[in-house]
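Accompanying notes for the structure given below.
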Amino acid sequence: MNHHLTETRFKDFDIDPRLIKGLDEAGYEFCTPIQAQSIPISLTGKDVAGEAQTGTGKTAAFMVACINRLLTNPDHDKHQKNQPRAMILAPTRELAIQIHKDASAIGKYTGLKLGLAYGGTDYEKQRNILQDGVDILVGTPGRTIDFFKQKVFNLRSCDVVVLDEADRMFDLGFIDDMRYLLRHCPEPDKRLSLLFSATLSHRIGELAYVHMNDPAEIRIQAETKTADKIVQSIYYPANEEKIPLLLGLMNKLKPTRSIVFINTKRVADKVYAWLEGNGYKSALLSGDVPQNKRQTLLKKFQDGEFNTLVATDVAARGLHIPEVSHVFNFDLPQSGEDYVHRIGRTARAGASGFAISFACEDFAHYIMDIEEYIDQKIGKEAVTSDLLTKPKPPIKMERRPRPNKPGGNRSGGGGNRNQNHRR
Ligand code: AMP
């Protein structure tokens with residue numbers, strides 16, 4: 001988690017005891033800052049627009065308000081089977097699944113029914129659940145609209161709307177879908193609307209102005225942009241030292257669970273092959289790994305079958321991975337935002353974590369922007385010979401189909417980077 005816990009307890013809020021019980025059992029006792037600041041407001045029925053990133057506890061921040069409202073709203077018996085009472089929109093299926101999971105835990109004793117809508121798989125299964133009737137619908141905009149247009153459900157009784165990671169939904173081109181769904185909900189002054197976004201930018205402000213009812217804006221102070229509990233360090237290896245250094249650090253630090261971030265898919269393949277060749281069971285998560293495979297890999301990673309995940313930014317987007325002990329930036333990311341996003345994968349929920357970056361010959365020049373963005377200098381470490389492990393050979397990778405043109409690597413790293421840095 002990117003933030004310490006506050007002194008505010010969930011028990012201090014005037015919320016339904018069934019909700020308290022679920023929170024308690026799921027291990028939520030003290031609030032994170034975004035929870036402590038937003039819940040008292042949203043519980044009064046006022047809309048909230050919160051600036052909060054993944055790992056800050058924003059999911060529970062909106063779920064508590066959402067569930068409590070459904071439990072206390074006297075209208076709740078009037079809605080029909082095909083009318084969800086809350087709609088939560090999220091940019092990626094991984095995030096939707098995670099929200100559904102957190103909500104099921106927190107809402108375990110409330111009797112509220114949950115349903116998911118996301119693309120890729122399980123079309124009939126999702127449809128059947130929604131048709132049977134749910135109280136809370138968690139979905140990505142595309143699939144949610146699809147079911148909506150087929151009249152699997154309608155939004156006339158939708159009393160709570162949540163837009164999670166709103167800025168990413170913009171980035172991924174979902175803005176028209178979001179507006180469409182919002183227009184089919186009750187008027188903004190007749191429902192509770194909650195919005196969370198990594199930044200409350202101008203475009204988010206406009207969305208909030210039209211589709212929310214004068215929301216209270218909540219921002220967590222800028223100095224907590226990077227986590228207090230993340231120990232950050234940086235090495236300056238030569239290019240050919242990067243693999244020996246990664247292996248040397250792995251040997252020395254013995255991370256319980258780590259993510260190695262790479263800028264390009266091509267290099268991600270290579271690093272994965274080196275790690276496997278040197279006895280580190282790893283999972284490779286790059287852009288061309290199909291969605292369902294990503295989900296299985298992630299599950300195995302979560303269950304401890306692998307303890308190293310090699311990932312590009314695009315592939316890691318929206319994934320929720322608890323308790324990562326170490327983040328390695330094998331390649332420095334191009335922007336401060338990406339840096340913060342990557343290292344935010346460690347030190348969640350009060351645990352401490354380590355973020356280790358390599359400023360190599362190719363990417364060292366990104367460091368200025370990153371340090372400016374996080375407004376601090378990252379501690380420099382020396383690449384000493386004892387840290388360089390002589391690698392065993394990499395494993396042979398299955399050949400992937402390549403484009404015909406020599407050098408024309410269509411789905412390669414460049415593609416990943418472009419998607420990531422569209423400005
Ligand atoms: P989120 O930012 O919502 O993705 O939450 C990040 C992680 O922190 C999730 O695994 C949550 O279960 C956990 N978490 C959130 N709030 C709390 C809290 N108040 N106490 C303990 N764990 C929390």
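By order of appearance in the structure tokens: chains A, B, ..., then residues from 1 within every chain, and ligands from 1 in the order shown.
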Running DSSP on the backbone, which parts of segment 10-252 of chain A land in alpha helix (DSSP H), as a PyMOL selection string?
chain A and resi 17-25+33-43+58-72+93-106+123-132+141-149+166-171+175-183+202-211+242-252
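Taking the backbone of this structure through DSSP, the residues of segment 45-90 of chain A that come out as strand (DSSP E) are A:Val48, A:Ala49, A:Gly50, A:Glu51, A:Ala86, A:Met87, A:Ile88, A:Leu89.
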Any chance you can output those residues with N, CA and C atoms as a tab-separated table (two decimals), in the first residue's frame?
chain	number	residue	atom	x	y	z
A	48	VAL	N	-18.19	12.15	-4.11
A	48	VAL	CA	-16.76	12.35	-3.85
A	48	VAL	C	-15.96	12.08	-5.12
A	49	ALA	N	-15.04	12.98	-5.44
A	49	ALA	CA	-14.04	12.72	-6.49
A	49	ALA	C	-12.68	12.65	-5.81
A	50	GLY	N	-12.07	11.49	-5.81
A	50	GLY	CA	-10.83	11.30	-5.05
A	50	GLY	C	-9.65	11.08	-5.96
A	51	GLU	N	-8.54	11.70	-5.60
A	51	GLU	CA	-7.31	11.47	-6.33
A	51	GLU	C	-6.54	10.38	-5.58
A	86	ALA	N	-26.32	-0.74	-7.87
A	86	ALA	CA	-25.03	-0.04	-7.92
A	86	ALA	C	-24.27	-0.51	-9.15
A	87	MET	N	-23.60	0.43	-9.81
A	87	MET	CA	-22.77	0.07	-10.97
A	87	MET	C	-21.36	0.62	-10.73
A	88	ILE	N	-20.40	-0.28	-10.82
A	88	ILE	CA	-19.01	0.12	-10.64
A	88	ILE	C	-18.28	-0.12	-11.94
A	89	LEU	N	-17.74	0.93	-12.52
A	89	LEU	CA	-17.03	0.80	-13.79
A	89	LEU	C	-15.53	0.91	-13.57
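The closest residue to Pro17 of chain A, picked from A:Thr92, A:Thr72, A:Ser385, A:Asn251 and counting only C-alpha atoms, is A:Thr72.
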Polymer residues at most 7 Å from Lys58 of chain A, only C-alpha atoms, same-chain spacing of 4 or more positions, as a count of residues only
4
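If you look at atom CA of Phe10 of chain A and atom CA of Lys229 of chain A, they are 22.9 Å away from each other.
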Could you tell me which of A:Asp331, A:Glu165, A:Glu206, A:Asp16 comes closest to ligand 1 if we count only C-alpha atoms and all ligand atoms?
A:Glu165
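In terms of minimum interatomic distance to Phe363 of chain A, A:Gln334 ranks closest within A:Gln334, A:Val267, A:Val310, A:Thr44, counting only C-alpha atoms.
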All residues 9 Å or closer to segment 236-249 of chain A, only C-alpha atoms, same chain fewer than 3 positions away omitted, as a PyMOL selection string:
chain A and resi 252-254+271+274-275+278+328+330+357-362+364+380-383+386-391
Please produce a file of those selected residues containing C-alpha atoms, as a PDB file, in the first residue's frame.
ATOM      1  CA  LYS A 252      21.771 -11.631  -2.299  1.00  0.00           C
ATOM      2  CA  LEU A 253      18.309 -10.282  -1.489  1.00  0.00           C
ATOM      3  CA  LYS A 254      16.320 -13.486  -2.006  1.00  0.00           C
ATOM      4  CA  VAL A 271      15.313 -11.524 -19.250  1.00  0.00           C
ATOM      5  CA  TRP A 274      17.953 -15.751 -18.373  1.00  0.00           C
ATOM      6  CA  LEU A 275      16.037 -15.987 -15.106  1.00  0.00           C
ATOM      7  CA  ASN A 278      19.471 -19.522 -13.760  1.00  0.00           C
ATOM      8  CA  PHE A 328      13.180  -4.232 -10.116  1.00  0.00           C
ATOM      9  CA  PHE A 330      15.548  -3.570 -15.109  1.00  0.00           C
ATOM     10  CA  SER A 357      16.332   0.526 -10.494  1.00  0.00           C
ATOM     11  CA  PHE A 358      19.001   0.075 -13.125  1.00  0.00           C
ATOM     12  CA  ALA A 359      20.035   3.259 -14.906  1.00  0.00           C
ATOM     13  CA  CYS A 360      21.776   1.640 -17.862  1.00  0.00           C
ATOM     14  CA  GLU A 361      23.450   3.199 -20.868  1.00  0.00           C
ATOM     15  CA  ASP A 362      20.200   3.249 -22.827  1.00  0.00           C
ATOM     16  CA  ALA A 364      19.838   6.490 -17.626  1.00  0.00           C
ATOM     17  CA  LYS A 380      22.781   5.578  -5.546  1.00  0.00           C
ATOM     18  CA  GLU A 381      24.426   2.178  -5.035  1.00  0.00           C
ATOM     19  CA  ALA A 382      27.720   0.986  -6.485  1.00  0.00           C
ATOM     20  CA  VAL A 383      27.884  -1.933  -8.910  1.00  0.00           C
ATOM     21  CA  ASP A 386      30.595  -9.255  -5.696  1.00  0.00           C
ATOM     22  CA  LEU A 387      27.140  -8.239  -6.896  1.00  0.00           C
ATOM     23  CA  LEU A 388      27.740  -9.507 -10.417  1.00  0.00           C
ATOM     24  CA  THR A 389      26.854 -13.168 -10.792  1.00  0.00           C
ATOM     25  CA  LYS A 390      28.247 -15.022 -13.773  1.00  0.00           C
ATOM     26  CA  PRO A 391      25.087 -16.273 -15.461  1.00  0.00           C
TER      27      PRO A 391
END
